[in-house]
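Peer 1: Questions regarding the structure given below will be posed in turn.
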Amino acid sequence: MKLLINKIATNNFYVLTIGTIASQFLVLATFFAIVKFNIYTPKEVGILNIVLNSVGILAVLFSLRYESAIAKSNTEEEAEQVFWMCIWWNFVFLFLFSSCFYFIPTAAIYNLGLSNLGVYVYLIPLYTFVLTINQLLILKINRDGNYKLNAVSKVLNSLLFIIILIVATCFFKNYFSVLNAQFFSLLVVTLLLLYKNKNLFRTHFDVHTFKSLSKKYIYLPKYFLVSSLFDKLSVNMPLLFINKIFDVSVAGYFGFSERILSSPSGVISSSISQILYQDVCKRINIQQEHFSIFASNLRKLFLMGILPFSILIIGGDYLAKTLLSEEWQGVGIYLQCIAAIQFIRFMVSPLSVILLANKETKILAIWQTSYFISVSVIIGVSYWYKNIKLFLILLVIIEFVLYSIYLYLIYKSAKKSLL
């Protein structure tokens, strides 16, 4: 038993995965309580998820995909300089988007479904700014091999979220409480991570370094920014358009199902992809094969996901009717469909960093563009027929087809390392 514990404690994959699962279990329990005891209505949850999805889309732009250069840097000094280059770009986009949001027309806010947010709509760029810094710090921590700190930060973030949410809900029983909890828990953890990495403030960085590094890694925004934005839009567009095609309550059902499934699976797969990307880059630098890493991680992801996702795919409707309040019992079909979508994403998305590490820019761009076009067509068909079940079925089919193709492309890219 002691040997097993020591093995887990020294394995990067298990350390980060267990910490991430623990953190997301806390968040899931909180969201379940929100719905079980009807603290928030489907409409309020729908608006909350629209905001969070907007932040996710903007986060792709704030560092221009330069963050990938942290793992690819040949020296520790260059990795630290890349970190600060991304911070500079982050400030540039904070200023640009803050200005845009300040002058954004009221009609545009209404059309995006954000009219009920009031002053909070102007905090979206700030939220994105803090989230991007947090992601940059996590990438730097992973490069240093400090996966335990990464795992602890995730658990701490979840605990702070719950504490702040409980306190805020006592005063404001609406989605503003959840937004406050999300933002301030993230802010506190980001500041703590900055403190733990205070050696970064001793890094020499100036305008010349900023220009030279931006030029050196220009291929990252040049080849990956647009395709990554398409990919992010494809994932987040359905919720944004459901709000306009149907109503905010339907967006609440969809958003809750997506949040309760994509948050844990997305964060876990993201954590795994960070380790995978670091390992693959190291092997490429020393000209070693990385197909074995691809095969091993695919097997682990399948075994981790098959049981929980199968339970939700088969029994999602029954669980919703049994466990949730009357107002939320219609969420069952959403849980079933989104569980099927998240299972294939959970297995394939972490492995996609192999294409990035191998600089398979054209393949990645073509797939992400195809994904974006396919989701756009589904949204158009749903807008015409105004049928949510048709939309969900088409979305499941297109996700399985395109992600199966994606997995095959990753497999081919990884297999080249054996030649």
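Residues are named by chain letter and number: chains run A, B, ... in the order of the structure tokens, numbers start at 1 in each chain, and ligands are numbered from 1 in the order shown.
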Show me, as number ranges by chain, the residues that have an atom within 10 Å of segment 296-311 of chain A when counting only C-alpha atoms, minus same-chain residues fewer than 5 positions from it.

Peer 2: A: 13, 261, 265, 268-269, 272-273, 276, 291, 316, 319, 335-336, 338-344, 346-348, 350-351, 407

Peer 1: Using the selection just defined, write its residues with C-alpha atoms as an mmCIF file, in the first residue's frame.

Peer 2:
data_model
loop_
_atom_site.group_PDB
_atom_site.id
_atom_site.type_symbol
_atom_site.label_atom_id
_atom_site.label_comp_id
_atom_site.auth_asym_id
_atom_site.auth_seq_id
_atom_site.Cartn_x
_atom_site.Cartn_y
_atom_site.Cartn_z
ATOM 1 C CA PHE A 13 -0.035 12.210 -14.425
ATOM 2 C CA LEU A 261 -19.789 17.873 -17.460
ATOM 3 C CA SER A 265 -13.671 16.723 -17.935
ATOM 4 C CA ILE A 268 -8.821 17.192 -16.238
ATOM 5 C CA SER A 269 -8.066 16.823 -19.962
ATOM 6 C CA ILE A 272 -3.231 16.026 -18.873
ATOM 7 C CA SER A 273 -2.531 17.889 -22.119
ATOM 8 C CA LEU A 276 1.690 15.598 -22.483
ATOM 9 C CA PHE A 291 4.046 7.465 -30.215
ATOM 10 C CA GLY A 316 -29.055 10.911 -17.441
ATOM 11 C CA LEU A 319 -30.967 10.824 -12.613
ATOM 12 C CA LEU A 335 -27.218 15.613 -19.828
ATOM 13 C CA GLN A 336 -27.399 12.507 -22.017
ATOM 14 C CA ILE A 338 -23.691 16.412 -23.768
ATOM 15 C CA ALA A 339 -22.243 13.409 -21.887
ATOM 16 C CA ALA A 340 -21.807 11.658 -25.258
ATOM 17 C CA ILE A 341 -20.127 14.771 -26.685
ATOM 18 C CA GLN A 342 -17.862 15.269 -23.675
ATOM 19 C CA PHE A 343 -16.710 11.648 -23.706
ATOM 20 C CA ILE A 344 -15.224 11.879 -27.204
ATOM 21 C CA PHE A 346 -12.308 14.053 -23.175
ATOM 22 C CA MET A 347 -10.389 11.321 -25.008
ATOM 23 C CA VAL A 348 -9.202 13.300 -28.036
ATOM 24 C CA PRO A 350 -5.682 16.382 -24.665
ATOM 25 C CA LEU A 351 -3.901 14.444 -27.424
ATOM 26 C CA LEU A 407 -8.010 11.228 -33.432
#

Peer 1: Find the spatial neighbours of Leu187 of chain A, counting only C-alpha atoms, within a cut-off of 10 Å - ignore same-chain residues fewer than 5 positions away - and output them as a list in words.

Peer 2: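 Residues meeting the cut-off are Tyr127, Val130, Leu131, Ile133, Asn134, Asn157, Ala181, Gln182, Leu192 and Leu193 of chain A.
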
Peer 1: Please provide the set of residues having any atom within 6 Å of Ser177 of chain A, restricted to only C-alpha atoms, with same-chain residues fewer than 5 positions apart removed, written as a list in words.

Peer 2: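 The filter keeps Leu165, Ala168 and Thr169 of chain A.
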
Peer 1: Could you write out the selected residues, including N, CA and C atoms, as a compact mmCIF listing (two decimals), in the first residue's frame?

Peer 2:
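Ended up saving to part22.txt:
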# COMPACT_ATOMS: atom_id res chain seq x y z
N LEU A 165 -18.90 31.92 -2.56
CA LEU A 165 -20.27 31.76 -3.06
C LEU A 165 -21.27 31.70 -1.92
N ALA A 168 -21.53 35.22 -0.47
CA ALA A 168 -22.18 36.14 -1.40
C ALA A 168 -23.67 35.84 -1.55
N THR A 169 -24.03 34.55 -1.53
CA THR A 169 -25.42 34.15 -1.69
C THR A 169 -26.28 34.62 -0.53

Peer 1: So which residues of segment 281-394 of chain A fall under alpha helix (DSSP H) by DSSP, listed as number ranges by chain?

Peer 2: A: 281-285, 291-323, 332-348, 353-357, 361-385, 388-394

Peer 1: Report, in Å to a single decimal, how far apart atom CA of Phe183 of chain A and atom CA of Leu323 of chain A are.

Peer 2: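 These two atoms are separated by 28.9 Å.
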
Peer 1: Taking only residues of segment 245-288 of chain A that have an atom at most 12 Å from an atom of segment 390-398 of chain A, what is each one's shortest atom pair and its distance in Å to one decimal, using only C-alpha atoms, in chain and number order, as a Markdown table?

Peer 2:
| residue | atom | partner | partner_atom | distance |
| --- | --- | --- | --- | --- |
| A:Ile245 | CA | A:Phe391 | CA | 10.8 |
| A:Phe246 | CA | A:Phe391 | CA | 11.2 |
| A:Val250 | CA | A:Leu392 | CA | 11.9 |
| A:Phe254 | CA | A:Leu392 | CA | 9.6 |

Peer 1: Mind writing the picked residues with C-alpha atoms as a PDB file, in the first residue's frame?

Peer 2:
ATOM      1  CA  ILE A 245     -32.984  30.630 -31.188  1.00  0.00           C
ATOM      2  CA  PHE A 246     -34.984  29.391 -28.194  1.00  0.00           C
ATOM      3  CA  VAL A 250     -33.254  26.416 -22.590  1.00  0.00           C
ATOM      4  CA  PHE A 254     -27.855  23.369 -21.910  1.00  0.00           C
TER       5      PHE A 254
END

Peer 1: May I ask which of the residues A:Gly380, A:Phe129, A:Tyr403, A:Tyr195 is the closest one to Val55 of chain A, counting only C-alpha atoms?

Peer 2: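 Among the listed residues, A:Phe129 lies closest to Val55 of chain A.
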
Peer 1: Need to verify the contact set: segment 217-230 of chain A, 10 Å, only C-alpha atoms, exclusion of same-chain residues closer than 6 positions in sequence. Can you return it as a PyMOL selection string?

Peer 2: chain A and resi 56-61+63-69+72-73+82+236-237+356+359-362+364-373

Peer 1: Could the residues in this selection be saved with C-alpha atoms as a PDB file, in the first residue's frame?

Peer 2:
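selection00.pdb was written with the following content:
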ATOM      1  CA  GLY A  56     -13.361  31.505 -22.732  1.00  0.00           C
ATOM      2  CA  ILE A  57     -13.500  32.868 -26.285  1.00  0.00           C
ATOM      3  CA  LEU A  58     -11.647  36.082 -25.409  1.00  0.00           C
ATOM      4  CA  ALA A  59      -8.934  34.147 -23.525  1.00  0.00           C
ATOM      5  CA  VAL A  60      -7.748  32.676 -26.851  1.00  0.00           C
ATOM      6  CA  LEU A  61      -6.901  36.184 -28.090  1.00  0.00           C
ATOM      7  CA  SER A  63      -1.911  35.885 -25.366  1.00  0.00           C
ATOM      8  CA  LEU A  64      -2.077  35.268 -29.135  1.00  0.00           C
ATOM      9  CA  ARG A  65      -1.133  31.585 -28.599  1.00  0.00           C
ATOM     10  CA  TYR A  66       2.381  32.682 -27.606  1.00  0.00           C
ATOM     11  CA  GLU A  67       1.864  30.779 -24.332  1.00  0.00           C
ATOM     12  CA  SER A  68       2.750  27.556 -26.185  1.00  0.00           C
ATOM     13  CA  ALA A  69       6.332  28.853 -26.488  1.00  0.00           C
ATOM     14  CA  LYS A  72       9.040  24.932 -26.395  1.00  0.00           C
ATOM     15  CA  SER A  73      11.760  27.292 -25.078  1.00  0.00           C
ATOM     16  CA  VAL A  82       8.239  34.303 -23.019  1.00  0.00           C
ATOM     17  CA  ASN A 236     -19.021  27.884 -27.204  1.00  0.00           C
ATOM     18  CA  MET A 237     -21.295  28.978 -30.079  1.00  0.00           C
ATOM     19  CA  LEU A 356       0.962  21.529 -32.074  1.00  0.00           C
ATOM     20  CA  LYS A 359       4.019  21.906 -36.026  1.00  0.00           C
ATOM     21  CA  GLU A 360       1.266  20.255 -38.076  1.00  0.00           C
ATOM     22  CA  THR A 361      -0.249  23.691 -38.640  1.00  0.00           C
ATOM     23  CA  LYS A 362      -2.142  23.027 -41.865  1.00  0.00           C
ATOM     24  CA  LEU A 364      -4.816  21.520 -37.341  1.00  0.00           C
ATOM     25  CA  ALA A 365      -6.153  24.601 -39.127  1.00  0.00           C
ATOM     26  CA  ILE A 366      -8.141  22.565 -41.669  1.00  0.00           C
ATOM     27  CA  TRP A 367      -9.763  20.404 -38.977  1.00  0.00           C
ATOM     28  CA  GLN A 368     -10.652  23.358 -36.712  1.00  0.00           C
ATOM     29  CA  THR A 369     -12.084  25.315 -39.643  1.00  0.00           C
ATOM     30  CA  SER A 370     -14.137  22.281 -40.707  1.00  0.00           C
ATOM     31  CA  TYR A 371     -15.386  21.921 -37.145  1.00  0.00           C
ATOM     32  CA  PHE A 372     -16.439  25.576 -37.040  1.00  0.00           C
ATOM     33  CA  ILE A 373     -18.274  25.337 -40.382  1.00  0.00           C
TER      34      ILE A 373
END

Peer 1: Suppose you want the space between atom CA of Val401 of chain A and atom CA of Ser376 of chain A; what is it in Å?

Peer 2: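 That distance, rounded to one decimal, is 15.5 Å.
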
Peer 1: Mind giving me the straight-line distance from atom CA of Met85 of chain A to atom CA of Ser158 of chain A in Å, one decimal?

Peer 2: 28.9 Å

Peer 1: Compare A:Leu48, A:Ala357, A:Ala295, A:Ile260 by their minimum atom-to-atom distance to Asp279 of chain A, counting only C-alpha atoms, and give me the closest one.

Peer 2: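 Among A:Leu48, A:Ala357, A:Ala295, A:Ile260, it is A:Ala357 that comes nearest to Asp279 of chain A.
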